[in-house]
Structure formats: C-alpha cells, structure tokens
Amino acid sequence: MSVSKALIKELLNESDCSHNKTKKSSCDKPKPGNTSGGCAYEGAQISLFPYADTVHLVHGPHTCLGASWETRASLTSFEGESSTPLGYCTNITAQDIIFGGDKKLSEAIEYVVVKKHPKAVFVYETCVTAMIGDNIDHICKKSWEKFGIPIVPIHTPGFVGGKNLGSRLASESILNFLIGTKEPESIHEFGINLIGDYNVTGDMWQYRSILEKIGIKIVSTLSGDGRIDEICQAHRAKLNVIVCAKSLITLCRKMQERYQIPYVSVSFYGKRDTSNAILSIVNALGSHEMIEKAKAVIKEEEKKLETKLEPYKKILDGKKAILNTGGNKSWSIASALQDIGLNVVATSINKSTEEDIEMAKKYVSILFKNPSSDQPKLIDEHGIEILLAGGRSLYTAIKKKIAFVDVNQEKKRSYGAYNGLVNLAEDVCAALLNPVFKLVGKRAPWEN
Ligand code: SF4
C-alpha cells in the first residue's frame with residue numbers, strides 16, 4: 001500500500017471535516033518543497049513515536065531522523081527499554097541511492113528484531129527512499145512472515161505534504177495493518193479508544209484516572225503511552241474519543257464504517273472543557289447510571305480545583321494575555337487561560353482548521369494569522385502583560401519586556417485536565433511575578 005494520489009486526495013478532502021462539506025477545500029494541501037512547518041514524515045513520527053514497545057525505523061538519511069526526533073516529551077509507563085528515544089535509521093547514503101536500499105532495510109529490520117525484541121517495527125519511508133523506489137511493502141511483508149511480529153510500512157515521504165497529512169497517513173497504516181488483528185479476552189461494556197493525545201508531559205494521565213474512576217475502560221490509545229497489543233484490539237471499543245486532533249478524524253470515520261464505533265471530539269484543557277469532555281463521553285456511552293456518577297465526580301473535582309486555584313486567581317484576575325499557539329490550541333488553551341482568570345485579548349489561528357476558527361471565535365474576540373507582524377502590534381495596542389506561545393516567541397516577549405510561558409509541545413509540565421490547570425496557573429503566576437522579563441530587555445549598565 002504505497003502512498004497514492006487517490007489516498008492523499010481522500011485524506012485531504014475528509015467528508016467528516018465540516019469545512020469540506022461546504023466547499024471544495026483541502027485540509028492541508030501539499031506544497032512540494034515547502035516543509036518549513038514540518039513534513040509528512042515528521043507528522044507520522046510525532047503521531048507514532050509514543051509507542052514505546054515498538055522500534056521506529058526510519059528508512060532514509062539520518063538527517064530525516066533528526067528532523068523531529070525527541071522534540072516532544074511524550075511520557076510512557078512502559079517498563080521495558082523504550083525504543084523511542086534511541087532513534088533507529090538505515091542511514092541511506094549516495095551509494096544506496098545508486099544501488100538501492102532494499103538490502104540495507106532488510107538487514108536493519110533483522111538487527112532490531114533480534115537485538116531489541118520489539119512488539120512491532122514501524123518502517124518510515126522518507127523522500128529519498130520513495131524516490132529511489134525501494135520496495136518497502138515487500139520487505140515489510142517478508143520480514144513480518146519471517147519474524148512473526150508486525151513490520152508495518154509507514155508511507156510518508158516528506159514531499160507529499162505537511163505534518164497534518166503525515167499524521168493521517170500514519171493512521172491509515174495503523175488501521176490497515178494493526179487494528180482488528182487481535183481479539184481481547186473480554187469486551188468491556190464501556191471501553192473507549194483515546195485518539196490523538198500523545199501524552200506530552202503526561203497530559204493523558206491527568207484525565208485517564210478520572211475516566212477509570214467513572215467506570216470507563218481505556219481499550220487502546222493512539223498513541224500516548226500506547227501499546228501495540230492494545231491498538232490491535234481497538235476494534236472492540238464502544239467509542240472513539242478524539243482528543244484535540246482533527247487530523248485523525250478520517251481514522252475515526254473509517255472505524256465507524258468498518259466496526260460501527262461512533263466517535264466524539266473533545267478537549268481536556270481547562271475546567272469547562274474537561275467537564276464537558278467527560279460529559280460528552282458518558283453521554284455517548286449512554287448509561288444513565290454512569291452519567292450520574294460522572295456528574296458527581298465532576299462536581300467533586302471542580303470543587304477541589306477551585307480551592308487550589310484560589311491563591312493564583314487573586315494574582316491572575318483580569319491580566320491581559322495574548323496566545324500564539326495555533327491549531328486546535330487556539331481555542332482549547334484560550335479556554336484554559338480564561339478558567340484561571342486571564343483576559344485573553346487575542347489568539348493566533350495559524351494552522352487552525354475552519355472548525356477551530358469557529359471555536360476560537362466563541363472564546364476570543366481578536367483572531368490573528370501572522371504572528372510575526374500582528375503579535376508585537378497587538379502587545380503594544382492592548383497593553384498585554386503576558387505572552388503564551390511556542391519557544392520561538394520568547395524573543396518577542398523579551399523585546400516587549402512582558403512575561404512569557406511556553407504552552408506548545410515543548411512545554412515542560414502537563415497542563416491537561418483539572419490538575420494540569422493548577423500547573424498552568426502556577427507557571428503563569430511565576431512568569432508574571434518574575435522580574436527577569438523586564439530586566440533582560442534593558443541595556444547593560446556599561447552601555448549607559
Ligand atoms: S522526509 Fe523529506 S522533507 Fe521530511 S525530513 Fe526527510 S528529506 Fe526532509
């Protein structure tokens with residue numbers, strides 16, 4: 001199943017994305033050569049790397065491996081040696097481009113299977129190996145037969161498009177090669193799959209225990225703290241829950257068609273959205289008793305949360321903030337910031353889907369598209385006191401002498417669900433009270 005034009009077209013015109021219902025648009029049009037926001041291979045790598053019991057073998061030059069390797073702190077509870085941080089690569093050279101890299105790939109698969117005993121091997125196709133025409137499908141099939149563990153080709157050469165498309169292509173491989181290949185010992189009445197949460201800094205762990213307390217079983221995850229055995233049984237869940245990742249909507253639609261599993265889309269950032277997410281899940285599962293239990297748990301958790309937030313809210317109340325993270329976080333993090341008392345004046349809708357933009361409008365009145373030019377202007381015009389963004393925006397905050405907190409995937413602490421919101425409040429307070437942002441932008445004493 002190499003990547004075909006028809007598959008790319010299908011993934012980009014996903015019928016379940018609301019904007020594709022109203023106009024002939026694509027979610028993420030490929031722009032050959034333009035991979036500045038991350039290529040398809042990087043998107044696949046980010047989506048699947050959290051499977052720590054799997055070897056992720058990049059078939060390409062080692063520079064591809066470095067593109068997004070270890071950029072996210074996706075935590076795992078896997079007790080064996082986690083294969084993710086090791087970074088396996090066939091390291092294709094000019095010689096392989098001339099003579100082909102098939103043999104090298106076969107040998108690399110054998111090496112990792114024999115030495116590391118993984119549950120599966122994911123083989124990522126990159127630009128170079130797609131162009132020289134290595135027969136990855138055939139090698140994976142033969143190796144699967146030889147070693148008796150899934151050897152899964154992930155066809156994501158970077159030139160086909162951006163990260164979002166790569167994530168969709170990766171989920172196609174998971175659907176076609178793994179889901180439905182193993183039967184569970186028993187089928188849980190309220191089993192769910194968590195789709196699209198990569199457990200960055202442990203976000204998933206913040207709400208997983210709450211769902212379990214209500215009586216929900218997590219059948220599998222794609223892919224935060226994920227296990228291969230579990231994803232193979234995902235077809236026996238009763239509900240798919242997409243957590244802030246619209247790129248995996250095609251997977252959920254196809255699972256609905258193939259296995260009659262409905263899906264809901266939720267966010268676990270902020271108090272309101274966490275409570276709404278829990279209610280959406282239990283409502284979809286349809287047990288009256290469970291809905292009542294969920295309401296009681298939410299009430300108890302919200303009460304505990306408000307007590308913990310009280311001292312922070314005294315500092316944060318009404319402070320003006322600007323958010324530059326884009327995508328679905330344009331609204332989900334905005335909602336969390338409002339829940340801790342901040343006045344979110346503007347949010348970036350860079351890389352947001354039209355659905356995200358509609359959501360963002362509900363939370364914030366100013367939406368901006370070009371952070372490099374709009375952000376400094378908005379900070380001056382509105383007297384912004386704190387900027388929440390990805391690491392690259394730190395310099396804007398320093399130049400403008402305002403506080404800064406990194407809320408992108410490079411963040412160091414979990415901001416998910418109720419307990420994560422307390423972490424967020426703590427970090428925002430620490431930044432606002434930290435004098436360094438005002439001092440660091442000043443001239444050195446000897447320059448005066
Ligand atoms: S797959 Fe292609 S675009 Fe992506 S990092 Fe490798 S060479 Fe660059």
# chains A, B, ... in the order shown; residues from 1 in each chain; ligands from 1
call {"tool": "residues_near_ligand", "arguments": {"ligand": "ligand 1", "cutoff": "10 Å", "atoms": "only C-alpha atoms and all ligand atoms", "output": "PyMOL selection string"}}
result
chain A and resi 32-36+38-43+58-68+124-130+156-163+166
call {"tool": "select_by_dssp", "arguments": {"residues": "region 60-148 of chain A", "states": "helix (DSSP H, G or I)", "output": "VMD selection string"}}
result
chain A and resid 62 to 68 84 to 86 94 to 99 102 to 116 127 to 131 136 to 147
call {"tool": "write_last_selection", "arguments": {"atoms": "N, CA and C atoms", "output": "short mmCIF file (atom, residue, chain, number, x, y, z; two decimals), in the first residue's frame"}}
result
data_model
loop_
_atom_site.label_atom_id
_atom_site.label_comp_id
_atom_site.auth_asym_id
_atom_site.auth_seq_id
_atom_site.Cartn_x
_atom_site.Cartn_y
_atom_site.Cartn_z
N HIS A 62 20.11 10.01 7.81
CA HIS A 62 19.90 10.23 9.25
C HIS A 62 19.44 11.65 9.56
N THR A 63 19.59 12.57 8.60
CA THR A 63 19.09 13.93 8.84
C THR A 63 17.57 13.94 8.98
N CYS A 64 16.88 13.00 8.30
CA CYS A 64 15.42 12.91 8.44
C CYS A 64 15.07 12.53 9.88
N LEU A 65 15.80 11.57 10.40
CA LEU A 65 15.53 11.13 11.78
C LEU A 65 15.62 12.30 12.75
N GLY A 66 16.61 13.15 12.52
CA GLY A 66 16.82 14.26 13.44
C GLY A 66 15.77 15.35 13.33
N ALA A 67 14.97 15.32 12.23
CA ALA A 67 14.04 16.42 11.99
C ALA A 67 13.08 16.68 13.15
N SER A 68 12.50 15.63 13.69
CA SER A 68 11.57 15.88 14.80
C SER A 68 11.77 14.89 15.94
N THR A 84 11.71 4.46 21.65
CA THR A 84 11.51 5.78 21.04
C THR A 84 12.74 6.68 21.12
N PRO A 85 13.37 6.86 22.27
CA PRO A 85 14.47 7.83 22.29
C PRO A 85 15.74 7.34 21.60
N LEU A 86 15.77 6.05 21.19
CA LEU A 86 17.01 5.52 20.62
C LEU A 86 17.23 5.94 19.17
N ALA A 94 24.83 7.99 -0.60
CA ALA A 94 24.85 8.13 -2.06
C ALA A 94 24.97 6.75 -2.72
N GLN A 95 25.72 5.87 -2.11
CA GLN A 95 25.90 4.51 -2.63
C GLN A 95 24.55 3.78 -2.72
N ASP A 96 23.72 3.93 -1.65
CA ASP A 96 22.41 3.26 -1.63
C ASP A 96 21.47 3.88 -2.67
N ILE A 97 21.67 5.17 -2.91
CA ILE A 97 20.81 5.83 -3.91
C ILE A 97 21.10 5.22 -5.29
N ILE A 98 22.32 4.89 -5.53
CA ILE A 98 22.68 4.30 -6.83
C ILE A 98 22.25 2.83 -6.90
N PHE A 99 22.55 2.08 -5.85
CA PHE A 99 22.32 0.62 -5.92
C PHE A 99 21.01 0.17 -5.25
N ASP A 102 17.16 -1.61 -0.49
CA ASP A 102 16.34 -2.75 -0.05
C ASP A 102 17.09 -3.67 0.92
N LYS A 103 18.33 -4.02 0.53
CA LYS A 103 19.10 -4.99 1.32
C LYS A 103 19.40 -4.39 2.70
N LYS A 104 19.75 -3.11 2.67
CA LYS A 104 20.08 -2.42 3.92
C LYS A 104 18.86 -2.42 4.86
N LEU A 105 17.68 -2.21 4.28
CA LEU A 105 16.47 -2.19 5.11
C LEU A 105 16.19 -3.57 5.69
N SER A 106 16.31 -4.61 4.87
CA SER A 106 16.06 -5.98 5.38
C SER A 106 17.00 -6.28 6.54
N GLU A 107 18.26 -5.93 6.36
CA GLU A 107 19.26 -6.22 7.40
C GLU A 107 18.97 -5.40 8.67
N ALA A 108 18.54 -4.16 8.48
CA ALA A 108 18.24 -3.31 9.64
C ALA A 108 17.06 -3.86 10.43
N ILE A 109 16.04 -4.35 9.70
CA ILE A 109 14.87 -4.93 10.40
C ILE A 109 15.33 -6.15 11.20
N GLU A 110 16.11 -7.00 10.57
CA GLU A 110 16.58 -8.21 11.26
C GLU A 110 17.37 -7.84 12.51
N TYR A 111 18.22 -6.83 12.38
CA TYR A 111 19.06 -6.40 13.50
C TYR A 111 18.20 -5.96 14.70
N VAL A 112 17.21 -5.08 14.42
CA VAL A 112 16.42 -4.56 15.55
C VAL A 112 15.52 -5.63 16.16
N VAL A 113 15.01 -6.55 15.31
CA VAL A 113 14.13 -7.60 15.84
C VAL A 113 14.93 -8.55 16.74
N VAL A 114 16.11 -8.95 16.26
CA VAL A 114 16.93 -9.90 17.01
C VAL A 114 17.51 -9.27 18.28
N LYS A 115 17.97 -8.03 18.17
CA LYS A 115 18.64 -7.40 19.31
C LYS A 115 17.69 -6.77 20.33
N LYS A 116 16.53 -6.28 19.85
CA LYS A 116 15.68 -5.48 20.74
C LYS A 116 14.35 -6.14 21.12
N CYS A 127 11.62 10.93 1.80
CA CYS A 127 11.71 11.41 0.41
C CYS A 127 12.66 10.57 -0.44
N VAL A 128 13.87 10.37 0.08
CA VAL A 128 14.90 9.71 -0.72
C VAL A 128 14.51 8.28 -1.06
N THR A 129 14.04 7.53 -0.06
CA THR A 129 13.73 6.11 -0.33
C THR A 129 12.46 5.97 -1.17
N ALA A 130 11.59 6.97 -1.14
CA ALA A 130 10.42 6.92 -2.03
C ALA A 130 10.88 7.19 -3.46
N MET A 131 11.83 8.13 -3.63
CA MET A 131 12.26 8.49 -4.99
C MET A 131 13.12 7.40 -5.65
N ILE A 136 9.46 -1.10 -0.08
CA ILE A 136 9.29 -1.20 1.39
C ILE A 136 8.16 -2.18 1.75
N ASP A 137 7.07 -2.13 1.00
CA ASP A 137 5.94 -3.02 1.29
C ASP A 137 6.37 -4.49 1.25
N HIS A 138 7.10 -4.83 0.20
CA HIS A 138 7.52 -6.23 0.03
C HIS A 138 8.46 -6.67 1.16
N ILE A 139 9.41 -5.77 1.49
CA ILE A 139 10.39 -6.12 2.54
C ILE A 139 9.67 -6.27 3.89
N CYS A 140 8.73 -5.40 4.16
CA CYS A 140 7.99 -5.48 5.43
C CYS A 140 7.19 -6.77 5.49
N LYS A 141 6.55 -7.10 4.39
CA LYS A 141 5.72 -8.32 4.35
C LYS A 141 6.59 -9.58 4.60
N LYS A 142 7.71 -9.63 3.91
CA LYS A 142 8.61 -10.79 4.05
C LYS A 142 9.14 -10.88 5.49
N SER A 143 9.52 -9.72 6.05
CA SER A 143 10.08 -9.71 7.41
C SER A 143 9.00 -10.08 8.43
N TRP A 144 7.78 -9.62 8.21
CA TRP A 144 6.64 -9.96 9.09
C TRP A 144 6.48 -11.48 9.13
N GLU A 145 6.51 -12.10 7.93
CA GLU A 145 6.37 -13.57 7.84
C GLU A 145 7.54 -14.27 8.54
N LYS A 146 8.72 -13.70 8.36
CA LYS A 146 9.92 -14.35 8.91
C LYS A 146 9.98 -14.27 10.44
N PHE A 147 9.64 -13.09 10.99
CA PHE A 147 9.84 -12.90 12.44
C PHE A 147 8.55 -13.03 13.26
#
call {"tool": "closest_atom_pairs", "arguments": {"of": "region 204-255 of chain A", "to": "region 353-358 of chain A", "cutoff": "10 Å", "atoms": "only C-alpha atoms", "output": "JSON lines"}}
result
{"residue": "A:Cys244", "atom": "CA", "partner": "A:Asp356", "partner_atom": "CA", "distance": 9.9}
{"residue": "A:Lys246", "atom": "CA", "partner": "A:Thr353", "partner_atom": "CA", "distance": 8.4}
{"residue": "A:Ser247", "atom": "CA", "partner": "A:Thr353", "partner_atom": "CA", "distance": 9.8}
call {"tool": "write_last_selection", "arguments": {"atoms": "C-alpha atoms", "output": "tab-separated table (two decimals), in the first residue's frame"}}
result
chain	number	residue	atom	x	y	z
A	244	CYS	CA	-7.77	17.74	20.24
A	246	LYS	CA	-8.69	16.69	13.98
A	247	SER	CA	-6.04	15.10	11.76
call {"tool": "closest_residue", "arguments": {"among": "A:Phe404, A:Phe190, A:Tyr415, A:Tyr207", "to": "Ala284 (chain A)", "atoms": "only C-alpha atoms"}}
result
A:Phe190
call {"tool": "residues_around", "arguments": {"residues": "Phe49 (chain A)", "least_positions_apart": "2", "cutoff": "10 Å", "atoms": "only C-alpha atoms", "output": "ChimeraX atom specification"}}
result
/A:44-47,51-56,69-70,72,74,83-85,87,122,198,223-226
call {"tool": "select_by_dssp", "arguments": {"residues": "region 315-369 of chain A", "states": "strand (DSSP E)", "output": "PyMOL selection string"}}
result
chain A and resi 320-324+343-348+366-368
call {"tool": "residues_around", "arguments": {"residues": "region 261-268 of chain A", "least_positions_apart": "2", "cutoff": "6 Å", "atoms": "only C-alpha atoms", "output": "list in words"}}
result
Lys238, Leu239, Asn240, Val241, Ile242, Val243, Cys244, Gln256, Tyr259, Asp273, Thr274, Ala277, Gly416 and Ala417 of chain A
call {"tool": "write_last_selection", "arguments": {"atoms": "N, CA and C atoms", "output": "CSV table (one decimal), in the first residue's frame"}}
result
chain,number,residue,atom,x,y,z
A,238,LYS,N,-16.2,0.6,22.4
A,238,LYS,CA,-17.5,1.1,22.1
A,238,LYS,C,-17.6,2.5,21.6
A,239,LEU,N,-16.5,3.2,21.8
A,239,LEU,CA,-16.5,4.7,21.4
A,239,LEU,C,-15.0,5.1,21.1
A,240,ASN,N,-14.9,5.9,20.1
A,240,ASN,CA,-13.6,6.6,19.8
A,240,ASN,C,-13.6,8.0,20.3
A,241,VAL,N,-12.6,8.4,21.1
A,241,VAL,CA,-12.6,9.8,21.6
A,241,VAL,C,-11.4,10.5,21.0
A,242,ILE,N,-11.7,11.5,20.1
A,242,ILE,CA,-10.6,12.3,19.5
A,242,ILE,C,-10.3,13.4,20.5
A,243,VAL,N,-9.0,13.4,20.9
A,243,VAL,CA,-8.6,14.4,21.9
A,243,VAL,C,-7.8,15.5,21.1
A,244,CYS,N,-8.5,16.6,20.8
A,244,CYS,CA,-7.8,17.7,20.2
A,244,CYS,C,-6.9,17.4,19.0
A,256,GLN,N,-15.8,3.9,12.2
A,256,GLN,CA,-17.2,3.9,12.3
A,256,GLN,C,-17.9,3.0,11.2
A,259,TYR,N,-16.3,-0.8,11.8
A,259,TYR,CA,-16.6,-1.5,13.0
A,259,TYR,C,-17.8,-1.0,13.8
A,273,ASP,N,-13.9,22.8,29.7
A,273,ASP,CA,-13.8,21.8,28.6
A,273,ASP,C,-13.5,20.4,29.1
A,274,THR,N,-12.8,20.3,30.3
A,274,THR,CA,-12.6,18.9,30.8
A,274,THR,C,-13.9,18.4,31.3
A,277,ALA,N,-15.9,17.5,28.3
A,277,ALA,CA,-15.4,16.3,27.6
A,277,ALA,C,-15.9,15.0,28.4
A,416,GLY,N,-2.9,19.5,31.3
A,416,GLY,CA,-4.1,18.8,30.9
A,416,GLY,C,-5.1,18.6,32.1
A,417,ALA,N,-6.4,18.7,31.9
A,417,ALA,CA,-7.4,18.4,32.8
A,417,ALA,C,-7.3,19.3,34.1
call {"tool": "atom_distance", "arguments": {"atom1": "CA of Ala296 (chain A)", "atom2": "CA of Val219 (chain A)"}}
result
23.8 Å
call {"tool": "closest_residue", "arguments": {"among": "A:Leu279, A:Ala360, A:Ile228, A:Ile402", "to": "Ser335 (chain A)", "atoms": "only C-alpha atoms"}}
result
A:Ala360
call {"tool": "atom_distance", "arguments": {"atom1": "CA of Asn164 (chain A)", "atom2": "CA of Leu248 (chain A)"}}
result
8.9 Å
call {"tool": "closest_residue", "arguments": {"among": "A:Ala170, A:Val297, A:Leu388, A:Val3", "to": "Lys329 (chain A)", "atoms": "only C-alpha atoms"}}
result
A:Leu388
call {"tool": "atom_distance", "arguments": {"atom1": "CA of Arg168 (chain A)", "atom2": "CA of Ile149 (chain A)"}}
result
23.3 Å
call {"tool": "residues_around", "arguments": {"residues": "Leu7 (chain A)", "least_positions_apart": "4", "cutoff": "12 Å", "atoms": "only C-alpha atoms", "output": "list of chain:residue names"}}
result
A:Met1, A:Ser2, A:Val3, A:Leu11, A:Leu12, A:Asn13, A:Glu14, A:His155, A:Thr156, A:Val160, A:Leu165, A:Gly166, A:Arg168, A:Leu169, A:Glu172, A:Ser173, A:Thr250
call {"tool": "write_last_selection", "arguments": {"atoms": "N, CA and C atoms", "output": "short mmCIF file (atom, residue, chain, number, x, y, z; two decimals), in the first residue's frame"}}
result
data_model
loop_
_atom_site.label_atom_id
_atom_site.label_comp_id
_atom_site.auth_asym_id
_atom_site.auth_seq_id
_atom_site.Cartn_x
_atom_site.Cartn_y
_atom_site.Cartn_z
N MET A 1 0.84 -1.20 0.00
CA MET A 1 0.00 0.00 0.00
C MET A 1 0.88 1.25 0.00
N SER A 2 1.50 1.52 -1.17
CA SER A 2 2.29 2.76 -1.20
C SER A 2 1.34 3.94 -1.25
N VAL A 3 1.89 5.13 -0.96
CA VAL A 3 1.01 6.31 -0.90
C VAL A 3 0.62 6.73 -2.31
N LEU A 11 -7.72 11.76 1.89
CA LEU A 11 -7.39 12.22 3.24
C LEU A 11 -7.53 13.73 3.38
N LEU A 12 -7.25 14.45 2.27
CA LEU A 12 -7.31 15.91 2.34
C LEU A 12 -8.74 16.43 2.20
N ASN A 13 -9.59 15.63 1.61
CA ASN A 13 -10.99 16.07 1.46
C ASN A 13 -11.89 15.22 2.36
N GLU A 14 -11.48 15.06 3.60
CA GLU A 14 -12.21 14.23 4.55
C GLU A 14 -13.66 14.69 4.66
N HIS A 155 4.07 4.98 4.90
CA HIS A 155 4.45 5.69 3.67
C HIS A 155 4.24 7.18 3.81
N THR A 156 5.29 7.86 4.24
CA THR A 156 5.14 9.30 4.47
C THR A 156 6.35 10.08 3.95
N VAL A 160 5.11 14.75 0.05
CA VAL A 160 3.67 14.66 -0.24
C VAL A 160 2.85 15.73 0.50
N LEU A 165 -0.98 15.93 7.21
CA LEU A 165 -1.19 14.83 6.27
C LEU A 165 -0.40 13.59 6.71
N GLY A 166 0.81 13.80 7.22
CA GLY A 166 1.63 12.68 7.67
C GLY A 166 0.94 11.92 8.79
N ARG A 168 -2.26 11.71 9.23
CA ARG A 168 -3.36 10.96 8.62
C ARG A 168 -2.85 9.69 7.94
N LEU A 169 -1.72 9.83 7.23
CA LEU A 169 -1.16 8.67 6.53
C LEU A 169 -0.71 7.60 7.53
N GLU A 172 -3.57 5.64 8.66
CA GLU A 172 -4.01 4.67 7.64
C GLU A 172 -3.27 3.34 7.82
N SER A 173 -1.95 3.45 8.08
CA SER A 173 -1.17 2.22 8.27
C SER A 173 -1.64 1.46 9.50
N THR A 250 -10.28 11.01 10.00
CA THR A 250 -10.50 10.01 8.95
C THR A 250 -10.45 8.61 9.54
#
call {"tool": "closest_residue", "arguments": {"among": "A:Thr221, A:Thr90, A:Thr307, A:Ser77", "to": "Gly196 (chain A)", "atoms": "only C-alpha atoms"}}
result
A:Thr221
call {"tool": "residues_around", "arguments": {"residues": "Ala334 (chain A)", "least_positions_apart": "6", "cutoff": "12 Å", "atoms": "only C-alpha atoms", "output": "ChimeraX atom specification"}}
result
/A:267,269-273,320-328,340-349,356,359-367,387-389,407,421,424
call {"tool": "closest_residue", "arguments": {"among": "A:Lys442, A:Arg208, A:Lys313, A:Lys319", "to": "Asn419 (chain A)", "atoms": "only C-alpha atoms"}}
result
A:Arg208
call {"tool": "residues_around", "arguments": {"residues": "Ile298 (chain A)", "least_positions_apart": "3", "cutoff": "12 Å", "atoms": "only C-alpha atoms", "output": "ChimeraX atom specification"}}
result
/A:207,210-211,213-214,271-279,282,291-295,301-305,417-418
call {"tool": "write_last_selection", "arguments": {"atoms": "C-alpha atoms", "output": "short mmCIF file (atom, residue, chain, number, x, y, z; two decimals), in the first residue's frame"}}
result
data_model
loop_
_atom_site.label_atom_id
_atom_site.label_comp_id
_atom_site.auth_asym_id
_atom_site.auth_seq_id
_atom_site.Cartn_x
_atom_site.Cartn_y
_atom_site.Cartn_z
CA TYR A 207 -7.74 12.58 32.99
CA ILE A 210 -10.85 10.22 36.27
CA LEU A 211 -12.41 8.29 33.36
CA LYS A 213 -12.99 6.15 38.30
CA ILE A 214 -16.29 6.70 36.49
CA LYS A 271 -12.05 23.34 33.72
CA ARG A 272 -15.07 23.87 31.50
CA ASP A 273 -13.76 21.81 28.60
CA THR A 274 -12.59 18.95 30.83
CA SER A 275 -16.02 18.70 32.44
CA ASN A 276 -17.70 18.96 29.02
CA ALA A 277 -15.36 16.26 27.65
CA ILE A 278 -16.26 13.84 30.43
CA LEU A 279 -19.97 14.51 29.91
CA VAL A 282 -20.54 9.34 29.15
CA ILE A 291 -23.89 9.86 33.61
CA GLU A 292 -25.00 10.43 37.21
CA LYS A 293 -21.68 9.12 38.51
CA ALA A 294 -19.78 11.37 36.10
CA LYS A 295 -21.73 14.41 37.27
CA GLU A 301 -13.14 17.55 41.05
CA GLU A 302 -14.26 21.10 40.24
CA LYS A 303 -14.61 21.88 43.95
CA LYS A 304 -11.11 20.63 44.70
CA LEU A 305 -9.79 22.58 41.72
CA ALA A 417 -7.44 18.43 32.82
CA TYR A 418 -8.08 19.69 36.37
#
